[in-house]
>>> print(open('coords.pdb').read())   # PDB, C-alpha atoms, pLDDT in the B column
ATOM      1  CA  MET A  41     -99.789  64.458 -42.050  1.00 77.00           C
ATOM      2  CA  ARG A  42     -98.413  64.818 -45.556  1.00 84.00           C
ATOM      3  CA  ARG A  43     -97.835  61.669 -47.571  1.00 86.00           C
ATOM      4  CA  ASP A  44     -94.103  62.362 -48.028  1.00 87.00           C
ATOM      5  CA  SER A  45     -93.691  62.901 -44.264  1.00 86.00           C
ATOM      6  CA  LEU A  46     -95.402  59.579 -43.521  1.00 87.00           C
ATOM      7  CA  GLN A  47     -93.177  57.818 -46.052  1.00 88.00           C
ATOM      8  CA  ARG A  48     -90.026  59.233 -44.435  1.00 87.00           C
ATOM      9  CA  LEU A  49     -91.246  58.273 -40.952  1.00 88.00           C
ATOM     10  CA  ASN A  50     -92.014  54.719 -42.063  1.00 90.00           C
ATOM     11  CA  ALA A  51     -88.644  54.414 -43.784  1.00 89.00           C
ATOM     12  CA  ALA A  52     -86.895  55.550 -40.584  1.00 85.00           C
ATOM     13  CA  ARG A  53     -88.920  53.080 -38.514  1.00 86.00           C
ATOM     14  CA  ARG A  54     -87.928  50.190 -40.783  1.00 85.00           C
ATOM     15  CA  LYS A  55     -84.263  51.150 -40.442  1.00 86.00           C
ATOM     16  CA  ARG A  56     -84.560  51.694 -36.650  1.00 87.00           C
ATOM     17  CA  LEU A  57     -83.519  55.346 -36.899  1.00 87.00           C
ATOM     18  CA  ALA A  58     -84.608  58.074 -34.507  1.00 89.00           C
ATOM     19  CA  VAL A  59     -86.691  60.756 -36.211  1.00 91.00           C
ATOM     20  CA  VAL A  60     -88.520  63.970 -35.291  1.00 92.00           C
ATOM     21  CA  LEU A  61     -91.620  65.277 -37.037  1.00 92.00           C
ATOM     22  CA  LEU A  62     -91.964  69.024 -36.511  1.00 90.00           C
ATOM     23  CA  THR A  63     -95.352  70.546 -37.304  1.00 90.00           C
ATOM     24  CA  ASP A  64     -95.847  74.275 -36.856  1.00 85.00           C
ATOM     25  CA  PHE A  65     -99.228  75.898 -36.496  1.00 82.00           C
ATOM     26  CA  ARG A  66     -98.964  77.354 -39.994  1.00 80.00           C
ATOM     27  CA  GLY A  67     -99.349  73.810 -41.278  1.00 78.00           C
ATOM     28  CA  GLU A  68     -95.742  73.261 -42.344  1.00 84.00           C
ATOM     29  CA  GLU A  69     -94.084  69.891 -41.639  1.00 88.00           C
ATOM     30  CA  HIS A  70     -90.414  69.024 -41.328  1.00 88.00           C
ATOM     31  CA  VAL A  71     -88.932  65.534 -40.827  1.00 91.00           C
ATOM     32  CA  PHE A  72     -85.469  65.312 -39.254  1.00 90.00           C
ATOM     33  CA  LEU A  73     -83.435  62.124 -38.911  1.00 90.00           C
ATOM     34  CA  GLU A  74     -81.024  62.045 -36.006  1.00 82.00           C
ATOM     35  CA  GLY A  75     -77.745  63.489 -37.249  1.00 79.00           C
ATOM     36  CA  ASP A  76     -79.327  65.565 -40.003  1.00 84.00           C
ATOM     37  CA  PRO A  77     -78.212  69.215 -40.154  1.00 85.00           C
ATOM     38  CA  VAL A  78     -80.977  71.475 -38.845  1.00 84.00           C
ATOM     39  CA  GLU A  79     -81.069  75.150 -39.673  1.00 79.00           C
ATOM     40  CA  PRO A  80     -82.342  77.887 -37.316  1.00 78.00           C
ATOM     41  CA  PRO A  81     -84.862  78.542 -35.925  1.00 78.00           C
ATOM     42  CA  PHE A  82     -85.465  74.837 -35.254  1.00 82.00           C
ATOM     43  CA  ALA A  83     -81.944  73.572 -34.498  1.00 85.00           C
ATOM     44  CA  ALA A  84     -82.098  73.883 -30.704  1.00 84.00           C
ATOM     45  CA  LEU A  85     -85.658  72.531 -30.559  1.00 84.00           C
ATOM     46  CA  VAL A  86     -84.869  69.422 -32.595  1.00 86.00           C
ATOM     47  CA  GLU A  87     -81.626  68.784 -30.734  1.00 84.00           C
ATOM     48  CA  GLY A  88     -83.485  69.017 -27.426  1.00 83.00           C
ATOM     49  CA  ALA A  89     -86.184  66.649 -28.650  1.00 84.00           C
ATOM     50  CA  PHE A  90     -83.631  64.014 -29.649  1.00 82.00           C
ATOM     51  CA  ARG A  91     -81.811  64.455 -26.362  1.00 78.00           C
ATOM     52  CA  SER A  92     -84.936  64.022 -24.235  1.00 77.00           C
ATOM     53  CA  GLY A  93     -86.673  61.471 -26.448  1.00 80.00           C
ATOM     54  CA  ARG A  94     -89.997  63.091 -25.599  1.00 84.00           C
ATOM     55  CA  SER A  95     -92.598  64.747 -27.788  1.00 89.00           C
ATOM     56  CA  MET A  96     -93.444  68.322 -26.844  1.00 86.00           C
ATOM     57  CA  ALA A  97     -95.240  71.501 -27.819  1.00 90.00           C
ATOM     58  CA  PHE A  98     -93.120  74.561 -28.543  1.00 87.00           C
ATOM     59  CA  ASP A  99     -93.777  78.275 -28.704  1.00 86.00           C
ATOM     60  CA  THR A 100     -90.927  80.581 -29.711  1.00 81.00           C
ATOM     61  CA  ILE A 101     -90.559  84.020 -31.227  1.00 78.00           C
ATOM     62  CA  ASP A 102     -90.110  82.447 -34.643  1.00 75.00           C
ATOM     63  CA  ALA A 103     -92.715  79.690 -34.611  1.00 77.00           C
ATOM     64  CA  SER A 104     -95.004  77.521 -32.530  1.00 86.00           C
ATOM     65  CA  GLY A 105     -96.227  73.992 -32.966  1.00 87.00           C
ATOM     66  CA  PHE A 106     -95.489  70.421 -31.917  1.00 91.00           C
ATOM     67  CA  LEU A 107     -92.548  68.026 -32.053  1.00 90.00           C
ATOM     68  CA  ASN A 108     -93.283  64.301 -32.315  1.00 91.00           C
ATOM     69  CA  VAL A 109     -90.265  62.146 -31.470  1.00 91.00           C
ATOM     70  CA  TYR A 110     -90.057  58.556 -32.708  1.00 90.00           C
ATOM     71  CA  ILE A 111     -87.345  56.458 -31.045  1.00 87.00           C
ATOM     72  CA  PRO A 112     -86.734  52.771 -31.889  1.00 90.00           C
ATOM     73  CA  ALA A 113     -87.803  50.331 -29.177  1.00 91.00           C
ATOM     74  CA  PRO A 114     -84.851  49.013 -27.126  1.00 93.00           C
ATOM     75  CA  ARG A 115     -83.895  45.424 -27.782  1.00 96.00           C
ATOM     76  CA  ILE A 116     -81.372  42.849 -26.606  1.00 98.00           C
ATOM     77  CA  ALA A 117     -79.364  40.557 -28.855  1.00 98.00           C
ATOM     78  CA  VAL A 118     -78.265  37.517 -26.838  1.00 98.00           C
ATOM     79  CA  ILE A 119     -75.363  35.549 -28.264  1.00 98.00           C
ATOM     80  CA  GLY A 120     -75.696  32.026 -26.957  1.00 98.00           C
ATOM     81  CA  ALA A 121     -78.691  29.800 -26.251  1.00 98.00           C
ATOM     82  CA  VAL A 122     -77.270  28.885 -22.840  1.00 97.00           C
ATOM     83  CA  HIS A 123     -78.817  28.232 -19.450  1.00 96.00           C
ATOM     84  CA  ILE A 124     -78.545  31.894 -18.423  1.00 98.00           C
ATOM     85  CA  SER A 125     -80.400  32.892 -21.586  1.00 98.00           C
ATOM     86  CA  GLN A 126     -83.378  30.757 -20.543  1.00 97.00           C
ATOM     87  CA  TYR A 127     -83.841  33.010 -17.498  1.00 97.00           C
ATOM     88  CA  LEU A 128     -82.713  36.274 -19.050  1.00 98.00           C
ATOM     89  CA  THR A 129     -85.077  36.117 -22.041  1.00 97.00           C
ATOM     90  CA  PRO A 130     -88.432  36.074 -20.184  1.00 96.00           C
ATOM     91  CA  MET A 131     -87.178  38.613 -17.642  1.00 97.00           C
ATOM     92  CA  ALA A 132     -86.082  41.004 -20.393  1.00 97.00           C
ATOM     93  CA  ARG A 133     -89.360  40.635 -22.259  1.00 96.00           C
ATOM     94  CA  LEU A 134     -91.308  41.409 -19.076  1.00 96.00           C
ATOM     95  CA  ALA A 135     -89.158  44.542 -18.727  1.00 96.00           C
ATOM     96  CA  GLY A 136     -90.228  45.659 -22.196  1.00 94.00           C
ATOM     97  CA  PHE A 137     -87.293  44.620 -24.366  1.00 96.00           C
ATOM     98  CA  ASP A 138     -87.522  42.882 -27.695  1.00 95.00           C
ATOM     99  CA  VAL A 139     -85.169  39.896 -27.463  1.00 97.00           C
ATOM    100  CA  ARG A 140     -83.507  37.694 -30.037  1.00 97.00           C
ATOM    101  CA  ILE A 141     -81.091  34.818 -29.538  1.00 98.00           C
ATOM    102  CA  ILE A 142     -78.290  33.988 -31.953  1.00 98.00           C
ATOM    103  CA  ASP A 143     -76.497  30.657 -31.673  1.00 98.00           C
ATOM    104  CA  PRO A 144     -75.363  28.368 -34.501  1.00 98.00           C
ATOM    105  CA  ARG A 145     -75.280  25.400 -32.123  1.00 97.00           C
ATOM    106  CA  THR A 146     -78.605  23.783 -32.923  1.00 95.00           C
ATOM    107  CA  ALA A 147     -78.314  21.392 -29.995  1.00 95.00           C
ATOM    108  CA  PHE A 148     -78.773  24.422 -27.695  1.00 96.00           C
ATOM    109  CA  ALA A 149     -80.955  26.710 -29.828  1.00 96.00           C
ATOM    110  CA  THR A 150     -84.157  24.679 -29.778  1.00 96.00           C
ATOM    111  CA  ARG A 151     -87.820  25.579 -29.505  1.00 94.00           C
ATOM    112  CA  ASP A 152     -88.178  23.290 -26.514  1.00 95.00           C
ATOM    113  CA  ARG A 153     -85.695  25.428 -24.589  1.00 96.00           C
ATOM    114  CA  PHE A 154     -86.774  28.800 -26.023  1.00 96.00           C
ATOM    115  CA  PRO A 155     -90.464  28.814 -26.933  1.00 93.00           C
ATOM    116  CA  ASP A 156     -91.868  32.019 -28.427  1.00 90.00           C
ATOM    117  CA  VAL A 157     -88.461  33.706 -28.724  1.00 94.00           C
ATOM    118  CA  GLN A 158     -86.991  35.111 -31.933  1.00 95.00           C
ATOM    119  CA  MET A 159     -84.077  32.775 -32.595  1.00 96.00           C
ATOM    120  CA  CYS A 160     -81.453  32.505 -35.309  1.00 97.00           C
ATOM    121  CA  THR A 161     -79.163  29.516 -35.796  1.00 97.00           C
ATOM    122  CA  ASP A 162     -76.953  31.223 -38.375  1.00 98.00           C
ATOM    123  CA  TRP A 163     -73.409  32.186 -37.465  1.00 98.00           C
ATOM    124  CA  PRO A 164     -73.351  35.721 -36.013  1.00 97.00           C
ATOM    125  CA  VAL A 165     -71.602  37.170 -39.066  1.00 97.00           C
ATOM    126  CA  ASP A 166     -74.581  36.099 -41.190  1.00 98.00           C
ATOM    127  CA  ALA A 167     -77.256  36.817 -38.584  1.00 97.00           C
ATOM    128  CA  LEU A 168     -76.030  40.372 -38.041  1.00 97.00           C
ATOM    129  CA  MET A 169     -75.734  41.020 -41.736  1.00 95.00           C
ATOM    130  CA  ALA A 170     -79.404  40.118 -42.155  1.00 94.00           C
ATOM    131  CA  ASP A 171     -80.531  42.034 -39.044  1.00 94.00           C
ATOM    132  CA  PRO A 172     -77.810  44.516 -38.025  1.00 95.00           C
ATOM    133  CA  LEU A 173     -77.132  45.827 -34.561  1.00 96.00           C
ATOM    134  CA  ASP A 174     -77.836  49.480 -33.811  1.00 94.00           C
ATOM    135  CA  ARG A 175     -77.306  51.873 -30.946  1.00 90.00           C
ATOM    136  CA  TYR A 176     -80.733  51.034 -29.497  1.00 93.00           C
ATOM    137  CA  THR A 177     -79.621  47.419 -29.029  1.00 96.00           C
ATOM    138  CA  ALA A 178     -77.851  45.800 -26.079  1.00 98.00           C
ATOM    139  CA  LEU A 179     -75.395  43.030 -27.001  1.00 98.00           C
ATOM    140  CA  VAL A 180     -75.068  40.226 -24.442  1.00 98.00           C
ATOM    141  CA  ALA A 181     -72.437  37.595 -25.297  1.00 98.00           C
ATOM    142  CA  LEU A 182     -72.735  34.392 -23.274  1.00 98.00           C
ATOM    143  CA  THR A 183     -71.137  31.475 -25.114  1.00 96.00           C
ATOM    144  CA  HIS A 184     -67.530  31.661 -23.846  1.00 92.00           C
ATOM    145  CA  ASP A 185     -66.570  30.648 -27.387  1.00 95.00           C
ATOM    146  CA  PRO A 186     -64.434  33.222 -29.271  1.00 96.00           C
ATOM    147  CA  LYS A 187     -65.585  31.793 -32.607  1.00 97.00           C
ATOM    148  CA  ILE A 188     -69.139  32.810 -31.709  1.00 98.00           C
ATOM    149  CA  ASP A 189     -68.766  35.776 -29.349  1.00 97.00           C
ATOM    150  CA  ASP A 190     -65.913  37.826 -30.825  1.00 97.00           C
ATOM    151  CA  PHE A 191     -67.514  38.956 -34.076  1.00 97.00           C
ATOM    152  CA  PRO A 192     -70.745  40.298 -32.503  1.00 98.00           C
ATOM    153  CA  LEU A 193     -68.708  42.024 -29.776  1.00 98.00           C
ATOM    154  CA  ALA A 194     -66.614  43.747 -32.445  1.00 98.00           C
ATOM    155  CA  GLU A 195     -69.744  44.643 -34.396  1.00 97.00           C
ATOM    156  CA  ALA A 196     -71.367  46.070 -31.260  1.00 98.00           C
ATOM    157  CA  LEU A 197     -68.319  48.276 -30.683  1.00 97.00           C
ATOM    158  CA  ARG A 198     -68.423  49.502 -34.279  1.00 96.00           C
ATOM    159  CA  THR A 199     -72.153  50.179 -34.116  1.00 94.00           C
ATOM    160  CA  GLY A 200     -72.198  51.890 -30.717  1.00 93.00           C
ATOM    161  CA  CYS A 201     -74.690  49.591 -29.001  1.00 96.00           C
ATOM    162  CA  PHE A 202     -75.931  51.258 -25.811  1.00 95.00           C
ATOM    163  CA  TYR A 203     -74.758  48.230 -23.799  1.00 97.00           C
ATOM    164  CA  ILE A 204     -72.128  45.578 -24.486  1.00 98.00           C
ATOM    165  CA  GLY A 205     -71.498  42.762 -22.026  1.00 98.00           C
ATOM    166  CA  ALA A 206     -69.656  39.458 -22.126  1.00 97.00           C
ATOM    167  CA  LEU A 207     -69.617  36.466 -19.804  1.00 96.00           C
ATOM    168  CA  GLY A 208     -66.268  35.366 -18.441  1.00 92.00           C
ATOM    169  CA  SER A 209     -63.658  35.928 -15.770  1.00 91.00           C
ATOM    170  CA  ARG A 210     -61.193  38.818 -15.775  1.00 92.00           C
ATOM    171  CA  LYS A 211     -58.564  36.439 -17.145  1.00 94.00           C
ATOM    172  CA  THR A 212     -60.902  35.355 -19.934  1.00 94.00           C
ATOM    173  CA  HIS A 213     -61.735  38.959 -20.716  1.00 96.00           C
ATOM    174  CA  ALA A 214     -58.076  39.958 -20.836  1.00 95.00           C
ATOM    175  CA  ALA A 215     -57.548  37.388 -23.585  1.00 96.00           C
ATOM    176  CA  ARG A 216     -60.719  38.632 -25.304  1.00 97.00           C
ATOM    177  CA  ARG A 217     -59.469  42.225 -25.214  1.00 96.00           C
ATOM    178  CA  GLY A 218     -56.259  41.078 -26.900  1.00 96.00           C
ATOM    179  CA  ARG A 219     -58.196  39.431 -29.709  1.00 96.00           C
ATOM    180  CA  LEU A 220     -60.485  42.435 -30.172  1.00 97.00           C
ATOM    181  CA  ALA A 221     -57.512  44.787 -30.203  1.00 97.00           C
ATOM    182  CA  ALA A 222     -56.428  42.956 -33.346  1.00 93.00           C
ATOM    183  CA  TYR A 223     -59.616  44.305 -34.961  1.00 90.00           C
ATOM    184  CA  GLY A 224     -58.206  47.790 -34.378  1.00 94.00           C
ATOM    185  CA  PHE A 225     -60.093  48.753 -31.209  1.00 96.00           C
ATOM    186  CA  GLY A 226     -58.243  50.889 -28.690  1.00 96.00           C
ATOM    187  CA  ALA A 227     -58.339  50.767 -24.905  1.00 96.00           C
ATOM    188  CA  ASP A 228     -61.132  53.336 -24.630  1.00 96.00           C
ATOM    189  CA  ALA A 229     -63.457  51.348 -26.865  1.00 96.00           C
ATOM    190  CA  LEU A 230     -62.636  48.039 -25.180  1.00 97.00           C
ATOM    191  CA  SER A 231     -63.308  49.562 -21.756  1.00 96.00           C
ATOM    192  CA  THR A 232     -66.976  49.950 -22.710  1.00 97.00           C
ATOM    193  CA  ILE A 233     -67.445  46.160 -22.618  1.00 98.00           C
ATOM    194  CA  HIS A 234     -68.929  45.053 -19.294  1.00 97.00           C
ATOM    195  CA  ALA A 235     -66.948  42.004 -18.273  1.00 95.00           C
ATOM    196  CA  PRO A 236     -67.431  40.174 -16.017  1.00 92.00           C
ATOM    197  CA  ILE A 237     -70.997  40.816 -17.140  1.00 96.00           C
ATOM    198  CA  GLY A 238     -73.731  42.115 -14.851  1.00 97.00           C
ATOM    199  CA  LEU A 239     -73.922  44.273 -11.743  1.00 97.00           C
ATOM    200  CA  ASP A 240     -71.881  42.971  -8.830  1.00 95.00           C
ATOM    201  CA  ILE A 241     -74.675  41.635  -6.614  1.00 96.00           C
ATOM    202  CA  GLY A 242     -72.957  38.400  -5.636  1.00 95.00           C
ATOM    203  CA  ALA A 243     -74.973  36.384  -8.166  1.00 95.00           C
ATOM    204  CA  SER A 244     -74.196  32.681  -7.966  1.00 91.00           C
ATOM    205  CA  ASN A 245     -76.673  30.844 -10.206  1.00 96.00           C
ATOM    206  CA  PRO A 246     -78.110  31.380 -13.702  1.00 96.00           C
ATOM    207  CA  ALA A 247     -81.272  33.120 -12.500  1.00 97.00           C
ATOM    208  CA  GLU A 248     -79.336  35.539 -10.282  1.00 97.00           C
ATOM    209  CA  ILE A 249     -76.792  36.194 -13.034  1.00 97.00           C
ATOM    210  CA  SER A 250     -79.688  37.006 -15.354  1.00 98.00           C
ATOM    211  CA  VAL A 251     -81.028  39.539 -12.841  1.00 98.00           C
ATOM    212  CA  ALA A 252     -77.569  41.118 -12.613  1.00 98.00           C
ATOM    213  CA  ILE A 253     -77.259  41.323 -16.412  1.00 98.00           C
ATOM    214  CA  LEU A 254     -80.719  42.778 -16.944  1.00 98.00           C
ATOM    215  CA  ALA A 255     -80.177  45.343 -14.173  1.00 98.00           C
ATOM    216  CA  GLN A 256     -76.951  46.472 -15.822  1.00 98.00           C
ATOM    217  CA  VAL A 257     -78.653  46.714 -19.230  1.00 97.00           C
ATOM    218  CA  ILE A 258     -81.462  48.832 -17.745  1.00 96.00           C
ATOM    219  CA  LYS A 259     -78.941  51.061 -15.972  1.00 95.00           C
ATOM    220  CA  ALA A 260     -77.103  51.627 -19.268  1.00 95.00           C
ATOM    221  CA  LEU A 261     -80.380  52.389 -21.054  1.00 91.00           C
ATOM    222  CA  ARG A 262     -81.566  54.904 -18.483  1.00 86.00           C
ATOM    223  CA  THR A 263     -78.252  56.635 -17.758  1.00 84.00           C
ATOM    224  CA  SER A 264     -76.759  56.662 -21.244  1.00 68.00           C
ATOM    225  CA  SER A 265     -75.106  59.942 -22.193  1.00 46.00           C
ATOM    226  CA  ARG A 266     -77.083  59.602 -25.435  1.00 46.00           C
ATOM    227  CA  GLN A 267     -80.405  60.706 -24.054  1.00 47.00           C
ATOM    228  CA  THR A 268     -82.401  59.700 -27.115  1.00 48.00           C
ATOM    229  CA  MET A 269     -83.109  56.329 -25.562  1.00 51.00           C
ATOM    230  CA  PRO A 270     -86.808  55.516 -25.155  1.00 52.00           C
ATOM    231  CA  ALA A 271     -88.489  56.700 -21.987  1.00 48.00           C
TER     232      ALA A 271
END
>>> encode(input="coords.pdb", output="structure tokens")
Amino acid sequence: MRRDSLQRLNAARRKRLAVVLLTDFRGEEHVFLEGDPVEPPFAALVEGAFRSGRSMAFDTIDASGFLNVYIPAPRIAVIGAVHISQYLTPMARLAGFDVRIIDPRTAFATRDRFPDVQMCTDWPVDALMADPLDRYTALVALTHDPKIDDFPLAEALRTGCFYIGALGSRKTHAARRGRLAAYGFGADALSTIHAPIGLDIGASNPAEISVAILAQVIKALRTSSRQTMPA
């Protein structure tokens, strides 16, 4: 691999951007970030690679070689170091997600309650400035507190997170939709928020609610219309 190709791949990895490395059998290399314009004869190949998220060999009239696809690992940003989070975090990590918890309430966000979990006690506006959301992240808002939940929900809508969910009743969510509408979001965008959060499995305790949430996150990851999600 050429040095400049490796540098571009590493830069994309640091920024959590999807990238394709195309190597043809003549020894030429091309690096494409998702969204980059791609000229023929590689346009359809690169588009298909991003859509599938899978590396592949290719052999066409114009060229032959290999496509390596690098997709950021899926992760979950949990807003709220609450009781549900204590169950959701280990379950999500077992399922292969990177997890971080954001909660400025230091009485809840403690190492005793969340050992070995990436945790931030900054306010979400600061936490997400330092480590932004992206479309390979699921946003799970669990505090019930608009001062904590609303900003990350709005940021998730702006970013296009593959899953956005918020704890609360339909009445609570109706009020939340009104507040988020003031940020300029229309009905179509607001309809992408899963609330009440989680699949409807009749969950009645924190552990069961966590199962319902994680199942809904996995469903969104695997059935997203943006097929560049990791396999």
>>> resolve_selection(input="coords.pdb", expression="the PyMOL selection byres ((chain A and resi 254) around 10)", output="number ranges by chain")
A: 116, 128-129, 131-132, 135, 180, 237-239, 248-253, 255-260
>>> write_last_selection(input="coords.pdb", atoms="C-alpha atoms", output="PDB file, keeping the file's coordinate frame")
ATOM      1  CA  ILE A 116     -81.372  42.849 -26.606  1.00 98.00           C
ATOM      2  CA  LEU A 128     -82.713  36.274 -19.050  1.00 98.00           C
ATOM      3  CA  THR A 129     -85.077  36.117 -22.041  1.00 97.00           C
ATOM      4  CA  MET A 131     -87.178  38.613 -17.642  1.00 97.00           C
ATOM      5  CA  ALA A 132     -86.082  41.004 -20.393  1.00 97.00           C
ATOM      6  CA  ALA A 135     -89.158  44.542 -18.727  1.00 96.00           C
ATOM      7  CA  VAL A 180     -75.068  40.226 -24.442  1.00 98.00           C
ATOM      8  CA  ILE A 237     -70.997  40.816 -17.140  1.00 96.00           C
ATOM      9  CA  GLY A 238     -73.731  42.115 -14.851  1.00 97.00           C
ATOM     10  CA  LEU A 239     -73.922  44.273 -11.743  1.00 97.00           C
ATOM     11  CA  GLU A 248     -79.336  35.539 -10.282  1.00 97.00           C
ATOM     12  CA  ILE A 249     -76.792  36.194 -13.034  1.00 97.00           C
ATOM     13  CA  SER A 250     -79.688  37.006 -15.354  1.00 98.00           C
ATOM     14  CA  VAL A 251     -81.028  39.539 -12.841  1.00 98.00           C
ATOM     15  CA  ALA A 252     -77.569  41.118 -12.613  1.00 98.00           C
ATOM     16  CA  ILE A 253     -77.259  41.323 -16.412  1.00 98.00           C
ATOM     17  CA  ALA A 255     -80.177  45.343 -14.173  1.00 98.00           C
ATOM     18  CA  GLN A 256     -76.951  46.472 -15.822  1.00 98.00           C
ATOM     19  CA  VAL A 257     -78.653  46.714 -19.230  1.00 97.00           C
ATOM     20  CA  ILE A 258     -81.462  48.832 -17.745  1.00 96.00           C
ATOM     21  CA  LYS A 259     -78.941  51.061 -15.972  1.00 95.00           C
ATOM     22  CA  ALA A 260     -77.103  51.627 -19.268  1.00 95.00           C
TER      23      ALA A 260
END
>>> closest_residue(input="coords.pdb", among="A:Tyr223, A:Tyr110, A:Phe65, A:Trp163", to="Arg91 (chain A)", atoms="all atoms listed in the file")
A:Tyr110
>>> residues_around(input="coords.pdb", residues="region 187-196 of chain A", least_positions_apart="4", cutoff="7 Å", atoms="only C-alpha atoms", output="compact mmCIF listing (two decimals) with C-alpha atoms, keeping the file's coordinate frame")
# COMPACT_ATOMS: atom_id res chain seq x y z
CA ILE A 119 -75.36 35.55 -28.26
CA PRO A 164 -73.35 35.72 -36.01
CA VAL A 165 -71.60 37.17 -39.07
CA LEU A 173 -77.13 45.83 -34.56
CA LEU A 179 -75.40 43.03 -27.00
CA ALA A 181 -72.44 37.60 -25.30
CA THR A 183 -71.14 31.48 -25.11
CA GLY A 200 -72.20 51.89 -30.72
CA CYS A 201 -74.69 49.59 -29.00
CA ILE A 204 -72.13 45.58 -24.49
CA LEU A 220 -60.48 42.44 -30.17
>>> closest_residue(input="coords.pdb", among="A:Arg175, A:Arg145, A:Arg217, A:Arg43", to="Thr161 (chain A)", atoms="all atoms listed in the file")
A:Arg145
>>> closest_atom_pairs(input="coords.pdb", of="region 83-141 of chain A", to="region 69-74 of chain A", cutoff="10 Å", atoms="all atoms listed in the file", output="JSON lines")
{"residue": "A:Val86", "atom": "CA", "partner": "A:Phe72", "partner_atom": "CA", "distance": 7.8}
{"residue": "A:Glu87", "atom": "CA", "partner": "A:Glu74", "partner_atom": "CA", "distance": 8.6}
{"residue": "A:Phe90", "atom": "CA", "partner": "A:Glu74", "partner_atom": "CA", "distance": 7.1}
{"residue": "A:Arg91", "atom": "CA", "partner": "A:Glu74", "partner_atom": "CA", "distance": 10.0}
{"residue": "A:Gly105", "atom": "CA", "partner": "A:Glu69", "partner_atom": "CA", "distance": 9.8}
{"residue": "A:Phe106", "atom": "CA", "partner": "A:Glu69", "partner_atom": "CA", "distance": 9.8}
{"residue": "A:Leu107", "atom": "CA", "partner": "A:His70", "partner_atom": "CA", "distance": 9.6}
{"residue": "A:Asn108", "atom": "CA", "partner": "A:Val71", "partner_atom": "CA", "distance": 9.6}
{"residue": "A:Val109", "atom": "CA", "partner": "A:Phe72", "partner_atom": "CA", "distance": 9.7}
{"residue": "A:Tyr110", "atom": "CA", "partner": "A:Leu73", "partner_atom": "CA", "distance": 9.7}
{"residue": "A:Ile111", "atom": "CA", "partner": "A:Glu74", "partner_atom": "CA", "distance": 9.8}
>>> closest_residue(input="coords.pdb", among="A:Arg48, A:Ser244, A:Ser209, A:Leu197", to="Leu230 (chain A)", atoms="all atoms listed in the file")
A:Leu197
>>> atom_distance(input="coords.pdb", atom1="CA of Gly224 (chain A)", atom2="CA of Val118 (chain A)")
23.8 Å
>>> atom_distance(input="coords.pdb", atom1="CA of Ala229 (chain A)", atom2="CA of Tyr203 (chain A)")
12.1 Å
>>> closest_residue(input="coords.pdb", among="A:Pro81, A:Ala178, A:Arg115, A:Val157", to="Ile101 (chain A)", atoms="all atoms listed in the file")
A:Pro81
>>> residues_around(input="coords.pdb", residues="Pro246 (chain A)", least_positions_apart="5", cutoff="9 Å", atoms="all atoms listed in the file", output="number ranges by chain")
A: 123-128, 251
>>> write_last_selection(input="coords.pdb", atoms="C-alpha atoms", output="short mmCIF file (atom, residue, chain, number, x, y, z; two decimals), in the frame of the given file")
data_model
loop_
_atom_site.label_atom_id
_atom_site.label_comp_id
_atom_site.auth_asym_id
_atom_site.auth_seq_id
_atom_site.Cartn_x
_atom_site.Cartn_y
_atom_site.Cartn_z
CA HIS A 123 -78.82 28.23 -19.45
CA ILE A 124 -78.54 31.89 -18.42
CA SER A 125 -80.40 32.89 -21.59
CA GLN A 126 -83.38 30.76 -20.54
CA TYR A 127 -83.84 33.01 -17.50
CA LEU A 128 -82.71 36.27 -19.05
CA VAL A 251 -81.03 39.54 -12.84
#
>>> axis_aligned_box(input="coords.pdb", around="region 174-193 of chain A", padding_each_side="3 Å", output="lines of an AutoDock Vina configuration file")
center_x = -72.6
center_y = 41.3
center_z = -28.7
size_x = 22.3
size_y = 27.2
size_z = 16.8
>>> atom_distance(input="coords.pdb", atom1="CA of Ala243 (chain A)", atom2="CA of Gly120 (chain A)")
19.3 Å
>>> closest_residue(input="coords.pdb", among="A:His184, A:Gly136, A:Ala121, A:Asp102", to="Cys160 (chain A)", atoms="all atoms listed in the file")
A:Ala121
>>> residues_near_point(input="coords.pdb", point="(-81.0, 38.6, -30.0)", cutoff="6 Å", atoms="all atoms listed in the file", output="list in words")
Ile116, Ala117, Val118, Val139, Arg140, Ile141 and Ile142 of chain A
>>> closest_residue(input="coords.pdb", among="A:Gly218, A:Pro130, A:Met169, A:Thr63", to="Asp156 (chain A)", atoms="all atoms listed in the file")
A:Pro130
>>> decode(input="coords.pdb", residues="region 136-140 of chain A", atoms="N, CA, C and O atoms", output="PDB file, in the first residue's frame")
ATOM      1  N   GLY A 136     -21.367  -6.307  20.678  1.00  0.00           N
ATOM      2  CA  GLY A 136     -20.347  -5.780  19.789  1.00  0.00           C
ATOM      3  C   GLY A 136     -20.326  -4.279  19.609  1.00  0.00           C
ATOM      4  O   GLY A 136     -19.588  -3.763  18.763  1.00  0.00           O
ATOM      5  N   PHE A 137     -21.101  -3.555  20.396  1.00  0.00           N
ATOM      6  CA  PHE A 137     -21.129  -2.100  20.287  1.00  0.00           C
ATOM      7  C   PHE A 137     -20.119  -1.459  21.233  1.00  0.00           C
ATOM      8  O   PHE A 137     -19.952  -1.907  22.375  1.00  0.00           O
ATOM      9  N   ASP A 138     -19.471  -0.407  20.756  1.00  0.00           N
ATOM     10  CA  ASP A 138     -18.771   0.486  21.667  1.00  0.00           C
ATOM     11  C   ASP A 138     -19.823   1.353  22.346  1.00  0.00           C
ATOM     12  O   ASP A 138     -20.755   1.834  21.695  1.00  0.00           O
ATOM     13  N   VAL A 139     -19.692   1.548  23.654  1.00  0.00           N
ATOM     14  CA  VAL A 139     -20.705   2.286  24.410  1.00  0.00           C
ATOM     15  C   VAL A 139     -20.047   3.391  25.216  1.00  0.00           C
ATOM     16  O   VAL A 139     -18.981   3.186  25.812  1.00  0.00           O
ATOM     17  N   ARG A 140     -20.682   4.543  25.228  1.00  0.00           N
ATOM     18  CA  ARG A 140     -20.269   5.610  26.142  1.00  0.00           C
ATOM     19  C   ARG A 140     -21.512   6.184  26.803  1.00  0.00           C
ATOM     20  O   ARG A 140     -22.599   6.196  26.218  1.00  0.00           O
TER      21      ARG A 140
END
